[in-house]
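Trainee: Data file protein_1.txt (compact mmCIF, C-alpha atoms and all ligand atoms) is appended below.
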# COMPACT_ATOMS: atom_id res chain seq x y z
CA MET S 7 -5.61 27.32 49.50
CA VAL S 8 -2.57 26.90 47.23
CA PHE S 9 -2.85 29.68 44.70
CA GLY S 10 -4.41 28.59 41.39
CA LEU S 11 -5.16 25.01 42.37
CA PRO S 12 -8.81 23.94 42.43
CA LEU S 13 -8.72 22.40 45.89
CA ALA S 14 -11.89 20.75 47.12
CA THR S 15 -12.15 23.54 49.73
CA ASN S 16 -12.41 26.20 47.02
CA PRO S 17 -16.13 27.14 46.99
CA ALA S 18 -16.10 28.32 43.35
CA TYR S 19 -14.62 24.99 42.23
CA LEU S 20 -17.11 22.97 44.24
CA GLU S 21 -19.98 25.01 42.86
CA ARG S 22 -18.85 24.55 39.24
CA LYS S 23 -18.25 20.83 39.67
CA TYR S 24 -21.69 20.40 41.17
CA ARG S 25 -23.34 22.47 38.43
CA ILE S 26 -21.75 20.54 35.51
CA SER S 27 -22.42 17.07 36.88
CA ASN S 28 -26.07 17.93 37.54
CA MET S 29 -26.90 19.58 34.22
CA PRO S 30 -29.46 17.27 32.59
CA GLN S 31 -29.28 19.11 29.26
CA ILE S 32 -25.58 18.42 28.60
CA HIS S 33 -25.32 15.89 25.77
CA PRO S 34 -21.88 16.02 24.15
CA LYS S 35 -21.81 14.61 20.62
CA THR S 36 -18.48 12.92 21.25
CA THR S 37 -17.43 11.04 24.36
CA PRO S 38 -15.52 13.36 26.71
CA ILE S 39 -12.13 12.22 27.97
CA TYR S 40 -12.59 10.76 31.46
CA GLN S 41 -9.06 11.67 32.51
CA THR S 42 -9.38 10.33 36.02
CA SER S 43 -7.67 7.46 37.80
CA VAL S 44 -10.60 6.83 40.13
CA PHE S 45 -14.37 7.40 40.37
CA THR S 46 -16.26 8.57 43.42
CA PHE S 47 -19.27 6.90 45.03
CA GLU S 48 -22.24 8.72 46.51
CA ASP S 49 -22.52 6.26 49.38
CA LEU S 50 -22.21 2.58 50.29
CA ASN S 51 -25.32 1.72 48.30
CA ALA S 52 -23.61 2.99 45.14
CA LEU S 53 -20.61 0.83 45.99
CA GLU S 54 -22.86 -2.23 46.29
CA HIS S 55 -24.47 -1.32 42.96
CA TYR S 56 -21.00 -1.29 41.34
CA PHE S 57 -20.35 -4.90 42.42
CA GLU S 58 -23.87 -6.20 41.78
CA GLN S 59 -24.31 -4.68 38.31
CA PRO S 60 -20.97 -5.06 36.49
CA GLY S 61 -20.49 -2.64 33.61
CA GLN S 62 -23.04 -0.15 34.95
CA SER S 63 -20.60 2.14 36.74
CA TYR S 64 -16.90 2.72 37.22
CA MET S 65 -14.50 2.44 40.16
CA TYR S 66 -10.86 2.56 39.11
CA THR S 67 -9.39 3.28 35.67
CA ARG S 68 -7.04 0.29 35.70
CA TYR S 69 -10.16 -1.93 35.91
CA SER S 70 -12.25 -0.01 33.39
CA ASN S 71 -12.87 3.50 32.12
CA PRO S 72 -15.56 4.90 29.76
CA ASN S 73 -12.96 5.74 27.09
CA SER S 74 -11.29 2.33 27.02
CA ASP S 75 -14.75 0.69 27.10
CA GLU S 76 -15.85 2.75 24.13
CA LEU S 77 -12.78 1.76 22.13
CA ALA S 78 -13.19 -1.92 23.08
CA GLU S 79 -16.87 -1.91 22.08
CA GLN S 80 -16.16 -0.34 18.72
CA VAL S 81 -13.33 -2.71 17.83
CA ASN S 82 -15.45 -5.63 19.00
CA ALA S 83 -18.31 -4.53 16.75
CA LEU S 84 -15.95 -4.43 13.76
CA GLU S 85 -14.39 -7.82 14.54
CA GLY S 86 -17.71 -9.44 15.49
CA GLY S 87 -16.59 -10.93 18.82
CA ALA S 88 -18.15 -11.64 22.21
CA GLY S 89 -16.18 -8.69 23.58
CA ALA S 90 -12.79 -6.99 23.54
CA VAL S 91 -10.20 -5.73 26.00
CA VAL S 92 -7.92 -2.81 25.12
CA THR S 93 -4.34 -2.75 26.36
CA SER S 94 -1.36 -0.42 26.59
CA SER S 95 0.33 -1.76 23.41
CA GLY S 96 0.15 -4.46 20.79
CA MET S 97 2.76 -6.36 22.80
CA SER S 98 0.63 -6.30 25.96
CA ALA S 99 -2.33 -7.54 23.91
CA ILE S 100 -0.28 -10.55 22.76
CA LEU S 101 0.94 -11.10 26.32
CA ALA S 102 -2.64 -10.96 27.67
CA ALA S 103 -3.87 -13.43 25.05
CA ILE S 104 -1.11 -15.94 25.80
CA LEU S 105 -1.37 -15.61 29.59
CA THR S 106 -5.13 -16.11 29.28
CA LEU S 107 -4.73 -19.45 27.53
CA CYS S 108 -1.46 -20.75 29.05
CA LYS S 109 0.12 -21.51 32.40
CA ALA S 110 3.60 -22.75 33.34
CA GLY S 111 4.19 -26.14 31.71
CA ASP S 112 2.09 -25.33 28.63
CA HIS S 113 3.33 -25.15 25.05
CA VAL S 114 2.66 -22.61 22.30
CA LEU S 115 2.98 -22.96 18.53
CA CYS S 116 3.98 -19.82 16.69
CA ALA S 117 4.28 -19.14 12.97
CA GLU S 118 7.93 -18.65 12.04
CA GLU S 119 7.13 -15.53 10.02
CA ILE S 120 5.87 -13.36 12.84
CA TYR S 121 6.47 -9.88 14.26
CA GLY S 122 9.92 -9.82 15.93
CA GLY S 123 8.48 -8.64 19.27
CA SER S 124 6.09 -11.61 19.36
CA SER S 125 8.83 -14.14 18.72
CA THR S 126 11.13 -12.53 21.32
CA LEU S 127 8.30 -12.45 23.88
CA LEU S 128 7.77 -16.17 23.39
CA SER S 129 11.33 -17.40 22.98
CA LYS S 130 13.14 -15.12 25.45
CA GLU S 131 10.60 -14.10 28.10
CA LEU S 132 7.72 -16.58 28.40
CA THR S 133 10.14 -19.53 28.33
CA ARG S 134 11.59 -18.11 31.58
CA ILE S 135 8.23 -18.57 33.27
CA GLY S 136 7.78 -22.10 31.95
CA ILE S 137 5.79 -21.60 28.73
CA GLU S 138 7.49 -23.47 25.89
CA VAL S 139 7.39 -22.46 22.24
CA THR S 140 7.92 -24.18 18.89
CA PHE S 141 8.14 -22.11 15.71
CA VAL S 142 6.32 -23.63 12.74
CA PRO S 143 7.77 -23.01 9.24
CA PRO S 144 5.34 -21.61 6.63
CA ALA S 145 5.31 -24.87 4.63
CA SER S 146 3.95 -26.82 7.63
CA ILE S 147 1.42 -24.35 8.99
CA TYR S 148 -1.67 -26.27 7.77
CA SER S 149 -0.48 -29.67 9.04
CA LEU S 150 0.38 -29.20 12.69
CA GLN S 151 0.36 -32.83 13.84
CA PRO S 152 4.19 -33.16 14.01
CA PHE S 153 4.41 -30.06 16.24
CA VAL S 154 1.52 -30.59 18.63
CA GLN S 155 2.23 -31.95 22.12
CA PRO S 156 -0.26 -32.98 24.83
CA ASN S 157 0.41 -29.59 26.54
CA THR S 158 0.01 -27.44 23.40
CA ARG S 159 -2.63 -24.75 23.94
CA LEU S 160 -2.57 -22.42 20.95
CA LEU S 161 -1.18 -21.36 17.61
CA LEU S 162 -0.23 -17.72 17.05
CA VAL S 163 -0.21 -16.45 13.43
CA GLU S 164 -0.61 -13.21 11.49
CA THR S 165 -3.20 -12.59 8.76
CA MET S 166 -0.49 -11.07 6.53
CA SER S 167 3.20 -11.42 7.27
CA ASN S 168 5.84 -8.71 7.47
CA PRO S 169 7.50 -7.70 5.19
CA LEU S 170 6.63 -10.04 2.29
CA LEU S 171 2.85 -10.07 2.81
CA GLN S 172 2.36 -13.83 2.87
CA VAL S 173 -1.35 -14.37 3.49
CA THR S 174 -2.70 -16.95 5.94
CA ASP S 175 -5.85 -18.92 5.07
CA ILE S 176 -7.60 -18.41 8.41
CA LYS S 177 -10.57 -20.68 7.68
CA ARG S 178 -8.32 -23.56 6.66
CA LEU S 179 -6.11 -22.99 9.69
CA ALA S 180 -9.11 -22.89 12.05
CA LEU S 181 -10.16 -26.35 10.79
CA GLU S 182 -6.65 -27.61 11.53
CA THR S 183 -6.40 -26.08 15.03
CA LYS S 184 -9.85 -27.47 15.88
CA LYS S 185 -8.72 -30.92 14.75
CA GLN S 186 -5.63 -30.59 16.97
CA GLU S 187 -7.78 -29.26 19.85
CA ILE S 188 -5.77 -26.07 20.27
CA LYS S 189 -6.86 -22.43 20.08
CA LEU S 190 -6.14 -20.17 17.12
CA VAL S 191 -4.94 -16.64 17.94
CA VAL S 192 -4.63 -14.30 14.95
CA ASP S 193 -2.63 -11.08 14.94
CA ASN S 194 -4.81 -9.12 12.51
CA THR S 195 -2.76 -5.89 12.61
CA PHE S 196 -1.75 -5.76 8.92
CA ALA S 197 -5.22 -6.55 7.56
CA SER S 198 -7.54 -4.72 9.98
CA PRO S 199 -11.13 -5.98 10.37
CA ILE S 200 -12.12 -4.06 7.23
CA ILE S 201 -10.11 -6.54 5.17
CA THR S 202 -10.34 -9.73 7.26
CA LYS S 203 -12.43 -10.77 10.26
CA PRO S 204 -10.63 -13.77 11.77
CA LEU S 205 -13.40 -14.58 14.29
CA ALA S 206 -15.97 -14.99 11.50
CA LEU S 207 -13.51 -17.50 9.99
CA GLU S 208 -13.55 -19.38 13.32
CA ALA S 209 -10.35 -18.12 14.93
CA ASP S 210 -10.68 -17.96 18.73
CA MET S 211 -9.04 -14.59 19.34
CA ALA S 212 -8.05 -11.65 17.14
CA ILE S 213 -5.43 -9.26 18.41
CA HIS S 214 -4.16 -5.94 17.10
CA SER S 215 -1.45 -3.45 17.55
CA VAL S 216 -3.97 -0.56 17.67
CA THR S 217 -0.85 1.59 17.18
CA LYS S 218 -1.14 0.78 13.47
CA TYR S 219 -4.28 0.88 11.28
CA LEU S 220 -6.96 0.98 13.99
CA SER S 221 -5.77 4.30 15.39
CA GLY S 222 -4.08 5.17 12.09
CA HIS S 223 -2.44 8.53 12.77
CA SER S 224 0.96 7.51 14.21
CA ASP S 225 0.15 9.18 17.54
CA VAL S 226 -0.97 6.31 19.80
CA THR S 227 0.58 3.13 21.23
CA ALA S 228 -2.20 0.66 22.06
CA GLY S 229 -3.45 -2.91 21.64
CA VAL S 230 -6.63 -4.96 21.75
CA VAL S 231 -7.69 -8.57 22.26
CA VAL S 232 -11.05 -9.58 20.76
CA CYS S 233 -12.55 -12.90 21.92
CA ARG S 234 -15.03 -15.20 20.25
CA HIS S 235 -15.84 -16.97 23.53
CA PRO S 236 -17.24 -15.16 26.61
CA ASP S 237 -15.13 -17.35 28.98
CA ASP S 238 -11.93 -16.23 27.30
CA LEU S 239 -13.09 -12.63 27.50
CA GLN S 240 -13.46 -12.77 31.28
CA ARG S 241 -9.99 -14.23 31.63
CA VAL S 242 -8.44 -11.57 29.36
CA GLN S 243 -10.15 -8.87 31.46
CA GLN S 244 -8.73 -10.38 34.63
CA VAL S 245 -5.20 -10.66 33.18
CA MET S 246 -5.35 -7.05 31.89
CA MET S 247 -6.45 -5.79 35.33
CA VAL S 248 -4.03 -7.65 37.57
CA TYR S 249 -0.97 -7.37 35.31
CA GLY S 250 -1.80 -3.68 34.86
CA LEU S 251 -1.92 -3.81 31.05
CA ASN S 252 -4.70 -1.20 30.72
CA LEU S 253 -4.77 1.62 28.18
CA SER S 254 -4.98 5.22 29.42
CA PRO S 255 -8.17 7.29 28.90
CA PHE S 256 -6.47 9.78 26.57
CA GLU S 257 -4.87 7.10 24.39
CA SER S 258 -8.23 5.29 24.27
CA TRP S 259 -9.93 8.50 23.19
CA LEU S 260 -7.36 9.16 20.45
CA ALA S 261 -7.64 5.61 19.16
CA ALA S 262 -11.46 5.72 19.20
CA ARG S 263 -11.27 8.97 17.24
CA GLY S 264 -8.97 7.39 14.65
CA LEU S 265 -11.16 4.30 14.40
CA LYS S 266 -14.09 6.37 13.13
CA THR S 267 -12.38 6.71 9.74
CA LEU S 268 -10.92 3.19 9.55
CA ARG S 269 -13.17 2.05 6.70
CA LEU S 270 -12.46 5.15 4.58
CA ARG S 271 -8.75 4.96 5.30
CA MET S 272 -8.47 1.26 4.42
CA ARG S 273 -10.15 1.87 1.07
CA GLN S 274 -7.72 4.64 0.21
CA HIS S 275 -4.68 2.73 1.58
CA SER S 276 -5.73 -0.23 -0.58
CA SER S 277 -6.41 1.65 -3.81
CA ASN S 278 -3.24 3.73 -3.45
CA ALA S 279 -1.19 0.61 -2.77
CA LEU S 280 -2.61 -1.20 -5.79
CA ALA S 281 -1.73 1.75 -8.04
CA ILE S 282 1.78 1.98 -6.61
CA ALA S 283 2.35 -1.78 -6.83
CA GLY S 284 1.46 -1.63 -10.53
CA PHE S 285 3.82 1.30 -11.05
CA LEU S 286 6.70 -0.41 -9.23
CA GLN S 287 6.17 -3.72 -11.01
CA ALA S 288 6.56 -1.98 -14.37
CA HIS S 289 9.64 0.02 -13.33
CA PRO S 290 12.94 -1.18 -14.86
CA LYS S 291 14.90 -0.61 -11.63
CA VAL S 292 12.51 -2.68 -9.51
CA GLU S 293 13.30 -6.39 -9.53
CA GLN S 294 10.39 -7.72 -7.49
CA VAL S 295 7.21 -6.45 -5.80
CA TRP S 296 5.38 -8.25 -2.98
CA TYR S 297 1.77 -7.07 -2.79
CA PRO S 298 -1.16 -9.49 -2.44
CA GLY S 299 -3.20 -7.35 -4.84
CA LEU S 300 -0.90 -8.26 -7.74
CA GLU S 301 -1.80 -11.37 -9.72
CA SER S 302 1.87 -12.36 -9.54
CA HIS S 303 1.66 -12.69 -5.73
CA PRO S 304 1.54 -16.39 -4.72
CA HIS S 305 -1.48 -15.80 -2.43
CA HIS S 306 -3.43 -13.42 -4.66
CA THR S 307 -6.53 -15.61 -5.03
CA LEU S 308 -6.77 -16.29 -1.30
CA ALA S 309 -6.11 -12.63 -0.45
CA LYS S 310 -8.85 -11.53 -2.83
CA GLU S 311 -11.42 -13.90 -1.36
CA GLN S 312 -10.47 -13.35 2.28
CA GLY S 313 -9.94 -9.59 1.92
CA GLN S 314 -13.28 -8.42 0.44
CA GLY S 315 -11.41 -7.36 -2.71
CA MET S 316 -9.04 -5.08 -0.76
CA PHE S 317 -5.40 -5.84 -0.08
CA GLY S 318 -4.31 -3.19 2.42
CA GLY S 319 -1.56 -0.60 2.36
CA MET S 320 1.57 -2.67 3.05
CA MET S 321 4.00 -3.85 0.36
CA SER S 322 7.66 -4.55 -0.20
CA PHE S 323 9.82 -4.28 -3.29
CA ARG S 324 13.40 -5.04 -4.22
CA ILE S 325 15.84 -2.87 -6.09
CA LYS S 326 19.40 -4.13 -6.68
CA ASP S 327 20.86 -5.83 -3.60
CA ASP S 328 23.12 -2.96 -2.64
CA ARG S 329 22.74 -1.11 0.65
CA GLU S 330 24.18 2.09 -0.85
CA ALA S 331 21.61 2.07 -3.66
CA VAL S 332 18.84 1.77 -1.05
CA ASN S 333 20.41 4.59 0.94
CA ARG S 334 20.52 6.86 -2.15
CA PHE S 335 16.89 6.02 -2.89
CA MET S 336 15.81 6.93 0.64
CA GLN S 337 17.85 10.13 0.68
CA ALA S 338 16.27 11.16 -2.62
CA LEU S 339 12.67 10.74 -1.40
CA ARG S 340 11.21 14.21 -0.77
CA HIS S 341 7.88 13.47 0.86
CA ILE S 342 8.20 9.89 2.11
CA PRO S 343 10.24 9.59 5.32
CA PHE S 344 12.01 6.53 6.66
CA ALA S 345 10.09 5.37 9.76
CA PRO S 346 10.36 1.89 11.29
CA SER S 347 6.61 1.56 11.88
CA LEU S 348 3.56 1.42 9.63
CA ALA S 349 -0.08 2.09 8.87
CA GLY S 350 -0.24 5.83 9.40
CA VAL S 351 -2.19 8.21 7.16
CA SER S 352 1.09 9.42 5.65
CA THR S 353 3.32 7.12 3.62
CA SER S 354 6.64 5.90 4.99
CA VAL S 355 9.40 3.49 4.00
CA SER S 356 11.26 1.04 6.15
CA TYR S 357 14.23 -1.28 5.74
CA PRO S 358 13.58 -4.82 7.05
CA LEU S 359 17.25 -5.86 6.97
CA GLY S 360 18.19 -2.92 9.21
CA THR S 361 15.17 -3.04 11.55
CA SER S 362 12.65 -5.89 11.96
CA HIS S 363 14.92 -8.62 10.57
CA ARG S 364 18.25 -7.23 11.77
CA SER S 365 18.92 -9.86 14.43
CA LEU S 366 18.38 -12.88 12.16
CA LYS S 367 21.38 -14.84 10.86
CA PRO S 368 22.41 -14.01 7.25
CA GLU S 369 21.31 -17.52 6.11
CA GLN S 370 17.87 -16.98 7.64
CA GLN S 371 17.55 -13.58 5.98
CA GLN S 372 18.53 -15.14 2.65
CA THR S 373 16.07 -18.06 3.00
CA MET S 374 13.24 -15.65 3.81
CA GLY S 375 14.12 -13.51 0.78
CA ILE S 376 14.98 -10.47 2.87
CA THR S 377 18.07 -9.20 1.09
CA ALA S 378 19.92 -5.87 0.98
CA GLY S 379 17.66 -4.41 -1.73
CA VAL S 380 14.31 -5.07 -0.05
CA ILE S 381 12.39 -1.94 0.94
CA ARG S 382 9.06 -1.94 2.75
CA LEU S 383 6.46 0.66 1.91
CA SER S 384 3.56 1.62 4.18
CA VAL S 385 1.27 3.39 1.74
CA GLY S 386 -0.74 6.26 3.23
CA ILE S 387 -3.88 8.01 2.07
CA GLU S 388 -2.34 10.89 0.09
CA GLU S 389 -3.14 11.44 -3.59
CA PRO S 390 -1.59 8.44 -5.41
CA GLU S 391 -0.09 10.62 -8.20
CA GLU S 392 1.98 12.54 -5.63
CA LEU S 393 3.36 9.34 -4.13
CA ILE S 394 4.19 7.85 -7.51
CA ALA S 395 5.95 11.06 -8.57
CA ASP S 396 8.12 10.98 -5.43
CA LEU S 397 8.98 7.29 -5.89
CA GLU S 398 9.76 7.85 -9.56
CA GLN S 399 12.23 10.68 -9.00
CA ALA S 400 13.93 8.77 -6.13
CA LEU S 401 14.26 5.60 -8.24
CA ALA S 402 16.03 7.71 -10.86
CA GLU S 403 18.82 8.22 -8.28
CA VAL S 404 19.41 4.47 -7.85
C1 LIG C 501 3.66 -3.31 15.72
C2 LIG C 501 3.18 -4.71 15.79
C3 LIG C 501 3.04 -5.37 17.00
C4 LIG C 501 3.42 -4.74 18.32
O1 LIG C 501 2.58 -3.67 18.62
P1 LIG C 501 3.03 -2.43 19.57
O2 LIG C 501 1.81 -1.57 19.55
O3 LIG C 501 4.25 -1.82 18.97
O4 LIG C 501 3.30 -3.00 20.91
C5 LIG C 501 2.52 -6.67 16.98
N1 LIG C 501 2.20 -7.27 15.82
C6 LIG C 501 2.36 -6.67 14.63
C7 LIG C 501 1.98 -7.40 13.40
C8 LIG C 501 2.85 -5.37 14.57
O5 LIG C 501 3.01 -4.78 13.38
Would you write out, as structure tokens, the structure that this file holds?

Mentor:
Amino acid sequence: MVFGLPLATNPAYLERKYRISNMPQIHPKTTPIYQTSVFTFEDLNALEHYFEQPGQSYMYTRYSNPNSDELAEQVNALEGGAGAVVTSSGMSAILAAILTLCKAGDHVLCAEEIYGGSSTLLSKELTRIGIEVTFVPPASIYSLQPFVQPNTRLLLVETMSNPLLQVTDIKRLALETKKQEIKLVVDNTFASPIITKPLALEADMAIHSVTKYLSGHSDVTAGVVVCRHPDDLQRVQQVMMVYGLNLSPFESWLAARGLKTLRLRMRQHSSNALAIAGFLQAHPKVEQVWYPGLESHPHHTLAKEQGQGMFGGMMSFRIKDDREAVNRFMQALRHIPFAPSLAGVSTSVSYPLGTSHRSLKPEQQQTMGITAGVIRLSVGIEEPEELIADLEQALAEV
């Protein structure tokens, strides 16, 4: 034997393996990590059982694994779907959803205000394999007739947009997509199912970057597609398997662990954010605040009704339109780092003009309202007084 390696010929290793797997009294309270790429079969009868009784046993981790199944089941229960498929990232979840519903020659509608990765995937990559895209401006999103073609299959939108938190009326949109006979796919990352459940509002699929609120601790990259229809679910599973979009056992385990506190975290994210939005709105150096929980937000009433009275942890605000002022503000923050992501338990700031909206033309940035003074805040679950104190002393440096 190679020294130190538990080779199958090592009698002590074989004995221990046999003992653990045959101990009837082992009942771990949490799901162990099944960190294995493949599962063994007792004999050919067990192999037949695997094919005859799907979901009863496991064969190969790219097809399914107890940890990714656990995560999928838990997200599905929260979203209220027919089933869910977890994937290696939010991007692969979006890819799986689109490839499930579209083939070459088909056409996709996509909200203009969408995550940059989603719009690049559609406009730069999927067009190369023959899937066309049209971006729909916010003003036209509820009247799709002028954009729909005979080959249009779906509309992709987000529950709340980045960075200005424009809220989509999912129920109203679902009526419109049904009328146009296309599917509605909702990226629910910013809201989470605690705040909005798109499938209950008749969307066909809900997708997430699990990287954000669902896992919640800034230590996982993952995605999920939740389906309202069992037929779609089977197709998503097939696409995930053959394109190799699966999530690893360890990442699944971490995400499932984070998910256990989602409800608690979303409450604290939301109440902290509401307190901070109020503070910022009253601050003389802050010119505008975008948070759906504020009555001044154009979609406040909709957000309140659709969001169970919670508005989430994301907001943006504008100080004077001067990059250097923003830089001084960020340098002065003591506890809030700059991080171009969101939804972790600890608060961070980001700069849309320098990150997510960097590649847009200056006119586009101006039309969207994303100017040099706009700062995005991902509010964490710390004590709100500590966050406000840090923001206050940094604003004094502007
Ligand atoms: C981050 C994000 C994505 C992409 O997710 P990844 O996990 O980074 O692949 C998609 N949509 C939204 C709204 C996001 O915030």

Trainee: Return the single residue from S:Ile32, S:Ile147, S:Leu105, S:Leu162 that is closest to ligand LIG 501 (chain C), with distances computed using only C-alpha atoms and all ligand atoms.

Mentor: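 Using only C-alpha atoms and all ligand atoms, the shortest distance to ligand LIG 501 (chain C) belongs to S:Leu162.
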
Trainee: Please identify all protein, DNA and RNA residues within 9 Å of ligand LIG 501 (chain C), counting all atoms listed in the file, and report them as an NGL selection string.

Mentor: :S and (94-100 or 120-124 or 164-168 or 193-196 or 213-218 or 226-229 or 347-349)

Trainee: Restricting it to C-alpha atoms, dump the selection as an mmCIF file, keeping the file's coordinate frame.

Mentor:
data_model
loop_
_atom_site.group_PDB
_atom_site.id
_atom_site.type_symbol
_atom_site.label_atom_id
_atom_site.label_comp_id
_atom_site.auth_asym_id
_atom_site.auth_seq_id
_atom_site.Cartn_x
_atom_site.Cartn_y
_atom_site.Cartn_z
ATOM 1 C CA SER S 94 -1.360 -0.420 26.590
ATOM 2 C CA SER S 95 0.330 -1.760 23.410
ATOM 3 C CA GLY S 96 0.150 -4.460 20.790
ATOM 4 C CA MET S 97 2.760 -6.360 22.800
ATOM 5 C CA SER S 98 0.630 -6.300 25.960
ATOM 6 C CA ALA S 99 -2.330 -7.540 23.910
ATOM 7 C CA ILE S 100 -0.280 -10.550 22.760
ATOM 8 C CA ILE S 120 5.870 -13.360 12.840
ATOM 9 C CA TYR S 121 6.470 -9.880 14.260
ATOM 10 C CA GLY S 122 9.920 -9.820 15.930
ATOM 11 C CA GLY S 123 8.480 -8.640 19.270
ATOM 12 C CA SER S 124 6.090 -11.610 19.360
ATOM 13 C CA GLU S 164 -0.610 -13.210 11.490
ATOM 14 C CA THR S 165 -3.200 -12.590 8.760
ATOM 15 C CA MET S 166 -0.490 -11.070 6.530
ATOM 16 C CA SER S 167 3.200 -11.420 7.270
ATOM 17 C CA ASN S 168 5.840 -8.710 7.470
ATOM 18 C CA ASP S 193 -2.630 -11.080 14.940
ATOM 19 C CA ASN S 194 -4.810 -9.120 12.510
ATOM 20 C CA THR S 195 -2.760 -5.890 12.610
ATOM 21 C CA PHE S 196 -1.750 -5.760 8.920
ATOM 22 C CA ILE S 213 -5.430 -9.260 18.410
ATOM 23 C CA HIS S 214 -4.160 -5.940 17.100
ATOM 24 C CA SER S 215 -1.450 -3.450 17.550
ATOM 25 C CA VAL S 216 -3.970 -0.560 17.670
ATOM 26 C CA THR S 217 -0.850 1.590 17.180
ATOM 27 C CA LYS S 218 -1.140 0.780 13.470
ATOM 28 C CA VAL S 226 -0.970 6.310 19.800
ATOM 29 C CA THR S 227 0.580 3.130 21.230
ATOM 30 C CA ALA S 228 -2.200 0.660 22.060
ATOM 31 C CA GLY S 229 -3.450 -2.910 21.640
ATOM 32 C CA SER S 347 6.610 1.560 11.880
ATOM 33 C CA LEU S 348 3.560 1.420 9.630
ATOM 34 C CA ALA S 349 -0.080 2.090 8.870
#

Trainee: Using all atoms listed in the file, pick whichever of S:Leu150, S:Ile135, S:Leu53, S:Ala288 has the shortest atom-to-atom distance to S:Cys116.

Mentor: S:Leu150

Trainee: At most 12 Å from (-12.6, -18.5, 9.1), file frame, all atoms listed in the file: which residues, as an MDAnalysis selection string?

Mentor: chainID S and resid 165 174:184 190:192 202:212 234 311:313

Trainee: Could you list, as a list in words, every residue within 10 Å of S:Thr36, counting all atoms listed in the file and ignoring same-chain residues fewer than 2 positions away?

Mentor: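 Non-adjacent residues within range: His33, Pro34, Pro38, Ile39, Trp259 and Arg263 of chain S.
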
Trainee: Excluding S:Gln287 and any residue of its chain fewer than 2 positions from it, enumerate the residues within 12 Å of it, using only C-alpha atoms, and give them as number ranges by chain.

Mentor: S: 279-285, 289-297, 299-303, 321-325

Trainee: Determine the nearest neighbour of S:Val355 from the options S:Gln172, S:Gln399, S:Ser277, S:Gln337, counting only C-alpha atoms.

Mentor: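 Of S:Gln172, S:Gln399, S:Ser277, S:Gln337, the one nearest S:Val355 is S:Gln337, counting only C-alpha atoms.
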
Trainee: In Å, how far is it from atom CA of S:Asn333 to atom CA of S:Leu383?

Mentor: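 Going from atom CA of S:Asn333 over to atom CA of S:Leu383 covers 14.5 Å.
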
Trainee: Hey, can I get the axis-aligned box for stretch 252-267 of chain S? All listed atoms, 6 Å padding on each side, centre and edge lengths in Å to one decimal, as JSON.

Mentor:
{"center_x": -9.4, "center_y": 4.3, "center_z": 20.2, "size_x": 21.4, "size_y": 23.0, "size_z": 33.0}

Trainee: For atom CA of S:Leu260 and atom CA of S:Met320, determine how far apart the two atoms are, in Å to one decimal place.

Mentor: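 Rounded to one decimal, the two atoms are 22.9 Å apart.
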